[in-house]
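J.: If you scroll down you'll find the structure; I have some questions about it.
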Amino acid sequence: MQSLRFTALENLSGVDLKIKPEQLNGTKITEVFGSNVFAGKVVRENLSDEAYKSLMNSIKSGTKIDRKMSEQIASGLKQWAMKKGVTHYTHWFQPLTGTTAEKHDSFFTLKGDGSALETFDGDALVQQEPDASSFPNGGLRATFEARGYTAWDPSSPPFILEQGHGKTLCIPTIFVAYTGESLDYKAPLLKALSALDKAAVDVCNYFDKNVTKVTATLGWEQEYFLVDESLANARPDLVMCGRTVVGHAPSKGQQLEDHYFGSIPERAYAFMRDFEEESYKLGIPLRTRHNEVAPSQFECAPIFEEVNIAVDHNSLLMDVMTKVAKRHKLRVLLHEKPFAGINGSGKHNNWSMATDTGVNLLAPGKTPKTNLMFLTFFVNTIKAVHDYADLLRASIASPSNDFRLGANEAPPAIISVFSGKYLYDVLQEVKNRVNNKFDEQDEAILKLDLHRHIPELLLDNTDRNRTSPFAFTGNKFEFRAVGSSANCASAMTVLNTIVAKTLANFKIEVDALIEKGEKKEIAIMQTLRKYIVDSEKVLFEGDGYSEEWEKEAEKRGLANVKTTPKALDAYVTEKSTKLFTEVGIYNEKELHARHEILLEDYVKKVQIEARVIGDLATNTILPSAINYLNSLIVNINGLKGIGLGDGAVKAQTQIAAKIAEHINVISENVQAMIEARKVANKVTDSRQKAIDYCDKIKPYFDVIRYHADKLEFLVDDKQWALPKYRELLFLR
């Protein structure tokens, strides 16, 4: 019987590269953008004046919407949705599974007399009980106490999701336990953003009393791979793990660098246009698309948005891309390292802060006051990264990202900050002020002359350090270590929390100096100098990929935690517990629950990969190798049978010996891995179990893979059952 590989390869010829779904076809993006979103003028048109003002006030200041107003908003929302053909609604949330979740309810109901009607009231808008017994909870709820609640987040607009011929109204919500603990990514993020807003406004008021709100902004860059659906379905590892656990490197990979920014393949281009149109209707402001470095790797990125909205949009985009890909007989791979030997995928998080007066707090200004404000937020961010580097590392830790970090294509696990030469020199100038003395007449320090050097600043940051996990890039910081499959909320919750805490501490220290009689500007500069001195060891301008940096980082006392189980320890240290409880993001119980959930997630994913590797080796790879080995033996015996000596069968004999050796090594290591897994499964402590899976089971992956890849190279191509890298990466 023909293998799935060859069936898939035959099906490739039947793929219509001219697929033309209903796309924009000349329609302006502005005409469809946000057409499925309850925002802007649509809200104004469908709500009464008082309901509209109540909703806008809640979005702006976080005030609670009363029952009467929620009824009016629900009525207007239903009216708009039903006009667009919606029949069902759902509370759309982001549980700790790494995916989004939804339970659909219809507007349809029956009256007491049996007649039908559509209804959607304030209670349905504000709260829902989705059962939720099977979502990760880390011990926050017993199985028999299954209740979890979703609660409306007014700051993120409802939207209509189209799937096939159906339309569903999606209401973004948080997800909490019956006792109030958060069970999702959104609830802690909203708390962190609120904390940053308050702390940043307090510091902004040193410079501008008109600032009443500071919004954290985010622009993510989504990298992904595209492969043919038939070929992907013929790879059990891609189906169940999202990555290839075996696969010999193709003769050509990315070494010619001819894919990066190259002409977009037609099939990929059709897919891009399709998912972009779906995204525009959902209000996702995609701006760029291009080929990435690795073959079959691509990227898209939006315009900056408020962090909460940006996180929702990225989670939504990953869903949209996955669904749209099926229409094109493609598979989107969001795993950080789906193919060995070529670049993996990240999701760079470009983060900044903006005031309600229109100022980007991480952009140098044109006056002494605005430049000092810029330097204040710039230095405070660096100080936050220095003080809580372990938490930032934990925020991007995952079993899939472990394959990518530090692989000479992504930042190392060492958290450092790249500021750029010009700003680094400015920091050194401030730091080297002898005896911490500043004078209000010291123009070089108070003015900093940043505006005069803007051209140098932009040039310096255009050629930015791509090996840094946390780099300043002109008017924002780029957190480059976030993985492509991650929910941005994890990194954003930590980043906004630590900056909020640092800014709050900064204000306390500055106010103390002012109370002692120091002029405000001098007090600010003195505190900034102290922060620069305290955090300078986290600044690094060189090659983050180099061995020299690892040695230097160790000398500086910077952590280099390369695996997820140990990186996650940062969430439950005394220091982190104090931080999160004081800022009001998590209580201690929630922190330990999340730590437990992340450890369990690690174990389960590594366990699945171990099973897939064992299954592939035993049921696919070894049978192919043994069949080919048998054909070699028949050939060798046949040649000898007609009187040819050992010299005539030397090559066949050597190949047979190599194949037999690889078969034995794979078989032995698969069995040893199974036994190690049995031992690890008996460990009851979650942390130790995760460490055992990392240290005692994962090492077998590389050994088995090495010998499997050698077999792929030796075995007759016609007998190899798995689609090869050259087919997955280059056949479109």
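Quick note on naming: the chains in the structure tokens go A, B, ... in the order shown, residues restart at 1 in each chain, and ligands are numbered from 1 in order of appearance.
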Give me, as a tab-separated table, each residue of stretch 201-287 of chain A that comes within 9 Å of stretch 695-714 of chain A, together with its shortest interatomic pair and the distance in Å at one decimal, counting only C-alpha atoms, with rows ordered by chain and rising residue number.
T.:
```
residue	atom	partner	partner_atom	distance
A:Val245	CA	A:Arg705	CA	6.9
A:Val246	CA	A:Arg705	CA	5.2
A:Gly247	CA	A:Asp709	CA	5.6
A:His248	CA	A:Asp709	CA	4.7
A:Ala249	CA	A:Asp709	CA	8.2
```
J.: Could the residues in this selection be written to a file with N, CA, C and O atoms, as a compact mmCIF listing (two decimals), in the first residue's frame?
T.:
```txt
# COMPACT_ATOMS: atom_id res chain seq x y z
N VAL A 245 9.76 16.02 15.01
CA VAL A 245 10.68 15.47 16.01
C VAL A 245 11.83 14.72 15.36
O VAL A 245 12.82 14.39 16.02
N VAL A 246 11.70 14.40 14.06
CA VAL A 246 12.78 13.82 13.27
C VAL A 246 12.78 14.50 11.90
O VAL A 246 11.78 15.10 11.51
N GLY A 247 13.87 14.38 11.19
CA GLY A 247 13.92 14.95 9.85
C GLY A 247 15.33 15.34 9.46
O GLY A 247 15.96 16.17 10.13
N HIS A 248 15.85 14.73 8.41
CA HIS A 248 17.20 15.03 7.94
C HIS A 248 17.20 16.39 7.25
O HIS A 248 16.29 16.74 6.51
N ALA A 249 18.25 17.18 7.52
CA ALA A 249 18.35 18.50 6.91
C ALA A 249 18.41 18.40 5.39
O ALA A 249 19.10 17.53 4.85
```
J.: Report as JSON, numbers by chain all protein, DNA and RNA residues lying within 8 Å of stretch 337-352 of chain A, evaluated on only C-alpha atoms, omitting residues in the same chain fewer than 2 positions from it.
T.: {"A": [216, 217, 218, 219, 220, 221, 222, 223, 224, 238, 242, 243, 244, 247, 249, 253, 254, 293, 294, 333, 334, 335, 354, 360, 361, 362, 400, 401, 403, 404, 409, 410, 475, 476, 477, 478, 479, 480, 481, 482, 483, 484, 485, 486, 488]}
J.: Using only C-alpha atoms, which of the listed residues (A:His165, A:Lys501, A:Lys555, A:Arg235) sits closest to A:Leu193?
T.: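 Once distances to A:Leu193 are computed over only C-alpha atoms, the minimum belongs to A:Lys501.
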J.: If you count only C-alpha atoms, which residues fall within 10 Å of A:Asn496, apart from same-chain ones fewer than 2 positions away, as a ChimeraX atom specification?
T.: /A:189-197,216,307,351-353,381,384,491-494,498-502
J.: Find the residues near A:Ser48: any atom within 10 Å, counting only C-alpha atoms, skip ones fewer than 4 places away on the same chain, and give them as a ChimeraX atom specification.
T.: /A:43-44,52-54,69,72-73,76
J.: So how many Å separate atom CA of A:Glu292 and atom CA of A:Tyr260, to one decimal?
T.: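 Distance reported for this atom pair: 4.8 Å.
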J.: Record the distance separating atom CA of A:Ala151 and atom CA of A:Gly34, expressed in Å with one decimal.
T.: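 One can read the atom CA of A:Ala151 to atom CA of A:Gly34 distance as 23.2 Å.
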J.: Excluding stretch 77-90 of chain A and its own-chain neighbours fewer than 6 positions away, which residues fall within 9 Å of it when counting only C-alpha atoms? Please give them as a list in words.
T.: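 The contact residues come out as Asn36, Phe38, Val42, Val43, Asn46, Leu47, Glu102, Lys103, His104, Asp105, Ser106, Phe107, Phe108, Glu118, Thr119, Phe120, Asp121, Gln128, Pro158, Phe159, Ile160, Gly166, Lys167, Thr168, Leu169, Cys170, Ile171 and Pro172 of chain A.
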J.: When you count only C-alpha atoms, which of these residues is closest to A:Ser667: A:Leu558, A:Ala625, A:Ile636, A:Leu427?
T.: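 Checking each of A:Leu558, A:Ala625, A:Ile636, A:Leu427 against A:Ser667, counting only C-alpha atoms, the winner is A:Ala625.
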J.: Considering only C-alpha atoms, return as JSON, numbers by chain whatever protein or nucleic-acid residues lie within 9 Å of A:Ala234, sequence-local ones (same chain, fewer than 5 positions apart) excluded.
T.: {"A": [3, 4, 5, 7, 8, 229, 239, 721, 722, 723]}
